[in-house]
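Before any comments, here is the structure.
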Amino acid sequence: MSKSLVAYFSASGVTAKLAKKLATAIHADLHEIRPEQPYTQADLDWTNKNSRSSVEMQNKSFRPPIANAVEHMDQYDTVFVAFPIWWYVAPTIINSFLEQYDLTGKTIVPLATSGGSGMGDTCKELAASCRGAVLKEGKRFPAGAGEAELKSWAETVLK
């Protein structure tokens, strides 16, 4: 029987709500990706080119350290990775998360929240971090997406 994980990074709480709904809808385990140094409001100010998030996103090789890890990642066949869209892609902490595991044979499915932008180059940017895995095309959801919508999408993606 296939086992799924919903791993999420949420800087403001919006993505956390979506990830929890998805995990409930598909009966998956849930894991919060926590940065070693939590992001402050000032860190997230995308209008300030010197803010932490702006600096991180300008350097595609930067990998923010993560404070926690998934125990027994080997038990999961599918990993849904939820995050807010930053600069039309996943935040680099998602690369940090993916690169710390052997993903060989797993299916990785990105999903995102955003105030308005789409997935942009997310899959292209994440591909190198998913070595050995099947990286599915992701989808952006509005913050208010319901469990039924998320479950229906997840079932379609995993066919």
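Residue numbering restarts at 1 in every chain; chains get A, B, ... in the order shown in the structure tokens, and ligands count up from 1 in that same order.
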
Please build the interface table for stretch 38-82 of chain A against stretch 102-105 of chain A with a cut-off of 10 Å, listing for each qualifying residue the nearest atom pair and the distance in Å to one decimal; count only C-alpha atoms, order rows by chain and increasing number, and write it as JSON lines.
```
{"residue": "A:Met73", "atom": "CA", "partner": "A:Asp102", "partner_atom": "CA", "distance": 8.5}
{"residue": "A:Asp74", "atom": "CA", "partner": "A:Asp102", "partner_atom": "CA", "distance": 8.1}
{"residue": "A:Tyr76", "atom": "CA", "partner": "A:Leu103", "partner_atom": "CA", "distance": 9.5}
{"residue": "A:Asp77", "atom": "CA", "partner": "A:Gly105", "partner_atom": "CA", "distance": 7.5}
{"residue": "A:Thr78", "atom": "CA", "partner": "A:Gly105", "partner_atom": "CA", "distance": 9.2}
{"residue": "A:Val79", "atom": "CA", "partner": "A:Leu103", "partner_atom": "CA", "distance": 9.3}
```

| task | Might you pull out every residue within 9 Å of A:Glu137, with only C-alpha atoms counted and same-chain residues fewer than 2 positions away left off, and present them as a list of chain:residue names? | result | A:Val109, A:Pro110, A:Leu111, A:Thr122, A:Cys123, A:Leu135, A:Lys139, A:Val157

| field | Distance criterion (only C-alpha atoms): nearest to A:Arg131 out of A:Ser117, A:Lys151, A:Tyr101, A:Leu5 | value | A:Tyr101

| Mind pulling up the distance from atom CA of A:Thr24 to atom CA of A:Arg140? | 18.4 Å

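Closest approach to A:Lys20 among A:Ala69, A:Val55, A:Ala7, A:Met119: A:Ala7, based on only C-alpha atoms.
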
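Nearest to A:Pro65 of all the residues A:Ala143, A:Ser96, A:Lys49, A:Val81 is A:Ser96, based on only C-alpha atoms.
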
| query | Leaving out A:Asp121 and any residue of its chain fewer than 3 positions from it, which residues lie within 8 Å of it when counting only C-alpha atoms, given as JSON, numbers by chain? | reply | {"A": [88, 89, 124, 125]}

Could you dump the residues just selected with all heavy atoms as a short mmCIF file (atom, residue, chain, number, x, y, z; two decimals), in the first residue's frame?
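Wrote out_27.cif, looks like this:
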```cif
data_model
loop_
_atom_site.label_atom_id
_atom_site.label_comp_id
_atom_site.auth_asym_id
_atom_site.auth_seq_id
_atom_site.Cartn_x
_atom_site.Cartn_y
_atom_site.Cartn_z
N TYR A 88 8.11 33.72 -8.26
CA TYR A 88 7.63 32.80 -9.30
C TYR A 88 8.19 31.38 -9.21
O TYR A 88 8.07 30.61 -10.15
CB TYR A 88 7.88 33.38 -10.71
CG TYR A 88 7.26 34.75 -10.87
CD1 TYR A 88 8.04 35.89 -10.76
CD2 TYR A 88 5.89 34.89 -11.08
CE1 TYR A 88 7.47 37.15 -10.86
CE2 TYR A 88 5.31 36.15 -11.18
CZ TYR A 88 6.10 37.27 -11.08
OH TYR A 88 5.53 38.51 -11.18
N VAL A 89 8.79 31.03 -8.09
CA VAL A 89 9.32 29.68 -7.87
C VAL A 89 9.18 29.30 -6.39
O VAL A 89 8.76 30.11 -5.57
CB VAL A 89 10.80 29.55 -8.30
CG1 VAL A 89 10.97 29.72 -9.80
CG2 VAL A 89 11.69 30.52 -7.54
N LYS A 124 11.07 23.32 -13.03
CA LYS A 124 12.41 23.42 -13.61
C LYS A 124 13.44 23.68 -12.51
O LYS A 124 14.51 23.07 -12.48
CB LYS A 124 12.43 24.55 -14.65
CG LYS A 124 13.76 24.77 -15.31
CD LYS A 124 13.64 25.90 -16.32
CE LYS A 124 15.00 26.48 -16.62
NZ LYS A 124 14.93 27.74 -17.33
N GLU A 125 13.12 24.56 -11.58
CA GLU A 125 14.03 24.92 -10.49
C GLU A 125 14.20 23.78 -9.48
O GLU A 125 15.23 23.68 -8.82
CB GLU A 125 13.54 26.18 -9.77
CG GLU A 125 13.51 27.41 -10.63
CD GLU A 125 14.85 28.12 -10.71
OE1 GLU A 125 15.67 27.98 -9.79
OE2 GLU A 125 15.06 28.82 -11.72
#
```

| request: Among the residues of stretch 55-141 of chain A, find those DSSP assigns to alpha helix (DSSP H) from the backbone and print them as a VMD selection string. | output: chain A and resid 55 to 58 92 to 99 122 to 126

Output file for the selection above: N, CA and C atoms, as a PDB file, in the first residue's frame:
```
ATOM      1  N   VAL A  55      17.432  38.278  -0.691  1.00  0.00           N
ATOM      2  CA  VAL A  55      18.831  37.876  -0.859  1.00  0.00           C
ATOM      3  C   VAL A  55      18.913  36.382  -1.169  1.00  0.00           C
ATOM      4  N   GLU A  56      18.157  35.557  -0.434  1.00  0.00           N
ATOM      5  CA  GLU A  56      18.160  34.113  -0.674  1.00  0.00           C
ATOM      6  C   GLU A  56      17.696  33.775  -2.088  1.00  0.00           C
ATOM      7  N   MET A  57      16.656  34.414  -2.536  1.00  0.00           N
ATOM      8  CA  MET A  57      16.082  34.090  -3.836  1.00  0.00           C
ATOM      9  C   MET A  57      16.933  34.611  -4.998  1.00  0.00           C
ATOM     10  N   GLN A  58      17.789  35.578  -4.741  1.00  0.00           N
ATOM     11  CA  GLN A  58      18.685  36.064  -5.789  1.00  0.00           C
ATOM     12  C   GLN A  58      19.840  35.090  -6.032  1.00  0.00           C
ATOM     13  N   THR A  92      14.014  28.670  -1.723  1.00  0.00           N
ATOM     14  CA  THR A  92      15.164  27.766  -1.754  1.00  0.00           C
ATOM     15  C   THR A  92      15.195  26.793  -0.574  1.00  0.00           C
ATOM     16  N   ILE A  93      14.438  27.055   0.480  1.00  0.00           N
ATOM     17  CA  ILE A  93      14.380  26.100   1.587  1.00  0.00           C
ATOM     18  C   ILE A  93      13.736  24.783   1.127  1.00  0.00           C
ATOM     19  N   ILE A  94      12.950  24.822   0.073  1.00  0.00           N
ATOM     20  CA  ILE A  94      12.360  23.592  -0.486  1.00  0.00           C
ATOM     21  C   ILE A  94      13.470  22.754  -1.124  1.00  0.00           C
ATOM     22  N   ASN A  95      14.412  23.393  -1.786  1.00  0.00           N
ATOM     23  CA  ASN A  95      15.573  22.657  -2.312  1.00  0.00           C
ATOM     24  C   ASN A  95      16.360  22.046  -1.152  1.00  0.00           C
ATOM     25  N   SER A  96      16.547  22.824  -0.081  1.00  0.00           N
ATOM     26  CA  SER A  96      17.245  22.299   1.104  1.00  0.00           C
ATOM     27  C   SER A  96      16.563  21.031   1.603  1.00  0.00           C
ATOM     28  N   PHE A  97      15.251  21.079   1.698  1.00  0.00           N
ATOM     29  CA  PHE A  97      14.480  19.936   2.189  1.00  0.00           C
ATOM     30  C   PHE A  97      14.662  18.715   1.288  1.00  0.00           C
ATOM     31  N   LEU A  98      14.448  18.895  -0.004  1.00  0.00           N
ATOM     32  CA  LEU A  98      14.515  17.771  -0.942  1.00  0.00           C
ATOM     33  C   LEU A  98      15.908  17.156  -1.017  1.00  0.00           C
ATOM     34  N   GLU A  99      16.922  17.996  -0.974  1.00  0.00           N
ATOM     35  CA  GLU A  99      18.293  17.525  -1.151  1.00  0.00           C
ATOM     36  C   GLU A  99      18.844  16.748   0.040  1.00  0.00           C
ATOM     37  N   THR A 122       8.825  26.707 -11.291  1.00  0.00           N
ATOM     38  CA  THR A 122       9.003  25.892 -10.089  1.00  0.00           C
ATOM     39  C   THR A 122       9.549  24.503 -10.393  1.00  0.00           C
ATOM     40  N   CYS A 123       8.919  23.772 -11.288  1.00  0.00           N
ATOM     41  CA  CYS A 123       9.382  22.400 -11.571  1.00  0.00           C
ATOM     42  C   CYS A 123      10.792  22.404 -12.138  1.00  0.00           C
ATOM     43  N   LYS A 124      11.069  23.318 -13.026  1.00  0.00           N
ATOM     44  CA  LYS A 124      12.413  23.420 -13.608  1.00  0.00           C
ATOM     45  C   LYS A 124      13.442  23.681 -12.510  1.00  0.00           C
ATOM     46  N   GLU A 125      13.116  24.562 -11.579  1.00  0.00           N
ATOM     47  CA  GLU A 125      14.030  24.923 -10.491  1.00  0.00           C
ATOM     48  C   GLU A 125      14.196  23.784  -9.478  1.00  0.00           C
ATOM     49  N   LEU A 126      13.175  22.958  -9.306  1.00  0.00           N
ATOM     50  CA  LEU A 126      13.239  21.869  -8.322  1.00  0.00           C
ATOM     51  C   LEU A 126      13.810  20.571  -8.884  1.00  0.00           C
TER      52      LEU A 126
END
```

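Those residues in stretch 29-155 of chain A carrying a DSSP assignment of strand (DSSP E), computed from the backbone, are Asp29, Leu30, His31, Glu32, Thr78, Val79, Phe80, Val81, Ala82, Phe83, Pro84, Thr107, Ile108, Val109, Pro110, Leu111, Ala112, Thr113, Val134, Leu135, Lys139, Arg140 and Phe141 of chain A.
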
| message | Measuring between only C-alpha atoms, which one of A:Leu158, A:Ala25, A:Ala128, A:Ala82 shows the shortest distance to A:Gly13? | response | A:Ala82

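With distances restricted to only C-alpha atoms, A:Asn68 is the closest residue to A:His31 from A:Thr47, A:Thr156, A:Thr107, A:Asn68.
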
| message | As an exercise, work out the distance from atom CA of A:Pro91 to atom CA of A:Pro64 in Å and give it to one decimal place. | response | 9.4 Å

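Computed from the coordinates, the atom CA of A:Gly120 to atom CA of A:Ile85 distance equals 8.8 Å.
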
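With only C-alpha atoms as the basis for measurement, A:Leu22 is the residue among A:Ile33, A:Ala16, A:Leu22, A:Ala42 that approaches A:Glu155 most closely.
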
| message | When you look at A:Lys17 with a cut-off of 12 Å (counting only C-alpha atoms), what residues show up, excluding the ones that are within fewer than 3 positions of it in the same chain? I need them as a count of residues only. | response | 27
